[in-house]
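Content type PDB, C-alpha atoms, from the file coords_25.pdb:
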```
MODEL        1
ATOM      1  CA  MET A   1     -13.080  45.285 -22.338  1.00  0.00           C
ATOM      2  CA  ILE A   2     -15.555  46.789 -24.736  1.00  0.00           C
ATOM      3  CA  GLU A   3     -14.982  50.409 -25.681  1.00  0.00           C
ATOM      4  CA  THR A   4     -18.134  51.781 -24.064  1.00  0.00           C
ATOM      5  CA  ARG A   5     -17.926  55.082 -25.928  1.00  0.00           C
ATOM      6  CA  LEU A   6     -18.640  53.200 -29.138  1.00  0.00           C
ATOM      7  CA  LEU A   7     -21.693  51.264 -27.902  1.00  0.00           C
ATOM      8  CA  PRO A   8     -25.188  52.440 -28.745  1.00  0.00           C
ATOM      9  CA  THR A   9     -27.065  53.579 -25.623  1.00  0.00           C
ATOM     10  CA  ASP A  10     -29.467  50.617 -25.612  1.00  0.00           C
ATOM     11  CA  GLU A  11     -26.598  48.113 -25.786  1.00  0.00           C
ATOM     12  CA  LEU A  12     -24.746  49.909 -23.023  1.00  0.00           C
ATOM     13  CA  LEU A  13     -27.849  49.827 -20.825  1.00  0.00           C
ATOM     14  CA  ARG A  14     -28.367  46.096 -21.558  1.00  0.00           C
ATOM     15  CA  SER A  15     -24.760  45.476 -20.562  1.00  0.00           C
ATOM     16  CA  VAL A  16     -25.230  47.290 -17.253  1.00  0.00           C
ATOM     17  CA  VAL A  17     -28.476  45.410 -16.511  1.00  0.00           C
ATOM     18  CA  SER A  18     -26.780  42.109 -17.328  1.00  0.00           C
ATOM     19  CA  LYS A  19     -23.863  42.833 -15.015  1.00  0.00           C
ATOM     20  CA  VAL A  20     -26.132  43.932 -12.169  1.00  0.00           C
ATOM     21  CA  THR A  21     -28.105  40.694 -12.568  1.00  0.00           C
ATOM     22  CA  GLU A  22     -24.866  38.672 -12.412  1.00  0.00           C
ATOM     23  CA  ILE A  23     -23.811  40.525  -9.264  1.00  0.00           C
ATOM     24  CA  ARG A  24     -27.164  39.839  -7.588  1.00  0.00           C
ATOM     25  CA  VAL A  25     -26.977  36.134  -8.425  1.00  0.00           C
ATOM     26  CA  ARG A  26     -23.437  35.898  -7.048  1.00  0.00           C
ATOM     27  CA  GLU A  27     -24.412  37.825  -3.905  1.00  0.00           C
ATOM     28  CA  SER A  28     -27.304  35.432  -3.311  1.00  0.00           C
ATOM     29  CA  GLU A  29     -25.002  32.427  -3.701  1.00  0.00           C
ATOM     30  CA  MET A  30     -22.495  34.002  -1.318  1.00  0.00           C
ATOM     31  CA  MET A  31     -25.172  34.729   1.296  1.00  0.00           C
ATOM     32  CA  GLN A  32     -26.346  31.105   1.138  1.00  0.00           C
ATOM     33  CA  GLU A  33     -22.774  29.941   1.713  1.00  0.00           C
ATOM     34  CA  ILE A  34     -22.302  32.368   4.602  1.00  0.00           C
ATOM     35  CA  ALA A  35     -25.544  31.094   6.155  1.00  0.00           C
ATOM     36  CA  GLU A  36     -24.241  27.539   5.854  1.00  0.00           C
ATOM     37  CA  LEU A  37     -20.962  28.511   7.536  1.00  0.00           C
ATOM     38  CA  ASP A  38     -23.002  30.022  10.363  1.00  0.00           C
ATOM     39  CA  ARG A  39     -25.221  26.933  10.616  1.00  0.00           C
ATOM     40  CA  ARG A  40     -22.113  24.751  10.929  1.00  0.00           C
ATOM     41  CA  GLY A  41     -20.649  26.881  13.703  1.00  0.00           C
ATOM     42  CA  ALA A  42     -17.604  27.708  11.595  1.00  0.00           C
ATOM     43  CA  ALA A  43     -16.538  30.585  13.849  1.00  0.00           C
ATOM     44  CA  SER A  44     -15.973  28.454  16.923  1.00  0.00           C
ATOM     45  CA  GLU A  45     -14.560  25.608  14.840  1.00  0.00           C
ATOM     46  CA  LEU A  46     -11.968  28.010  13.422  1.00  0.00           C
ATOM     47  CA  GLY A  47     -11.248  29.690  16.764  1.00  0.00           C
ATOM     48  CA  TYR A  48     -13.077  32.976  16.233  1.00  0.00           C
ATOM     49  CA  LYS A  49     -15.630  34.848  18.341  1.00  0.00           C
ATOM     50  CA  ASP A  50     -18.189  35.086  15.548  1.00  0.00           C
ATOM     51  CA  LEU A  51     -18.646  34.588  11.805  1.00  0.00           C
ATOM     52  CA  ALA A  52     -18.210  38.290  11.068  1.00  0.00           C
ATOM     53  CA  GLN A  53     -14.703  38.034  12.523  1.00  0.00           C
ATOM     54  CA  VAL A  54     -13.978  34.987  10.357  1.00  0.00           C
ATOM     55  CA  LEU A  55     -15.090  36.778   7.218  1.00  0.00           C
ATOM     56  CA  ARG A  56     -13.235  39.989   8.039  1.00  0.00           C
ATOM     57  CA  HIS A  57     -10.034  37.997   8.414  1.00  0.00           C
ATOM     58  CA  ALA A  58     -10.568  35.585   5.496  1.00  0.00           C
ATOM     59  CA  VAL A  59     -11.533  38.150   2.869  1.00  0.00           C
ATOM     60  CA  ARG A  60      -9.899  41.202   4.440  1.00  0.00           C
ATOM     61  CA  TRP A  61     -13.178  43.086   4.900  1.00  0.00           C
ATOM     62  CA  ASP A  62     -12.928  46.342   6.835  1.00  0.00           C
ATOM     63  CA  LEU A  63     -15.418  47.236   9.555  1.00  0.00           C
TER      64      LEU A  63
ENDMDL
END
```
Show this structure as structure tokens.
Amino acid sequence: MIETRLLPTDELLRSVVSKVTEIRVRESEMMQEIAELDRRGAASELGYKDLAQVLRHAVRWDL
């Protein structure tokens, strides 16, 4: 972990922008995979009522 106190402001901002971009890319990939699970009917295949229930159980998401 970089000591953020020591970074110049412009470098710190670039780091934040870079991380936000990475998060958005990963979220997009995840949403595409979730859509594919839904398309395949994963919920019923795995014995759940719906995909939200599958995901809550699989990744321990709270309501």
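CA of Lys19 in chain A is found 22.3 Å from CA of Ile34 in chain A.
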(Q) Just want the 12 Å neighbourhood of Glu33 in chain A, counted on all atoms listed in the file, with same-chain residues fewer than 6 positions away dropped. Output as a list in words. (A)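 Here the answer would be Arg26, Glu27, Arg39, Arg40, Ala42, Leu51 and Leu55 of chain A.
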Write out the residues from the selection above, keeping C-alpha atoms, as an mmCIF file, keeping the file's coordinate frame.
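What follows is the written file result_5.cif:
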```
data_model
loop_
_atom_site.group_PDB
_atom_site.id
_atom_site.type_symbol
_atom_site.label_atom_id
_atom_site.label_comp_id
_atom_site.auth_asym_id
_atom_site.auth_seq_id
_atom_site.Cartn_x
_atom_site.Cartn_y
_atom_site.Cartn_z
ATOM 1 C CA ARG A 26 -23.437 35.898 -7.048
ATOM 2 C CA GLU A 27 -24.412 37.825 -3.905
ATOM 3 C CA ARG A 39 -25.221 26.933 10.616
ATOM 4 C CA ARG A 40 -22.113 24.751 10.929
ATOM 5 C CA ALA A 42 -17.604 27.708 11.595
ATOM 6 C CA LEU A 51 -18.646 34.588 11.805
ATOM 7 C CA LEU A 55 -15.090 36.778 7.218
#
```
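Atom to atom, CA of His57 in chain A and CA of Glu45 in chain A stand 14.7 Å apart.
Atom pair CA of Thr9 in chain A / CA of Val25 in chain A has a distance of 24.5 Å (rounded to one decimal).
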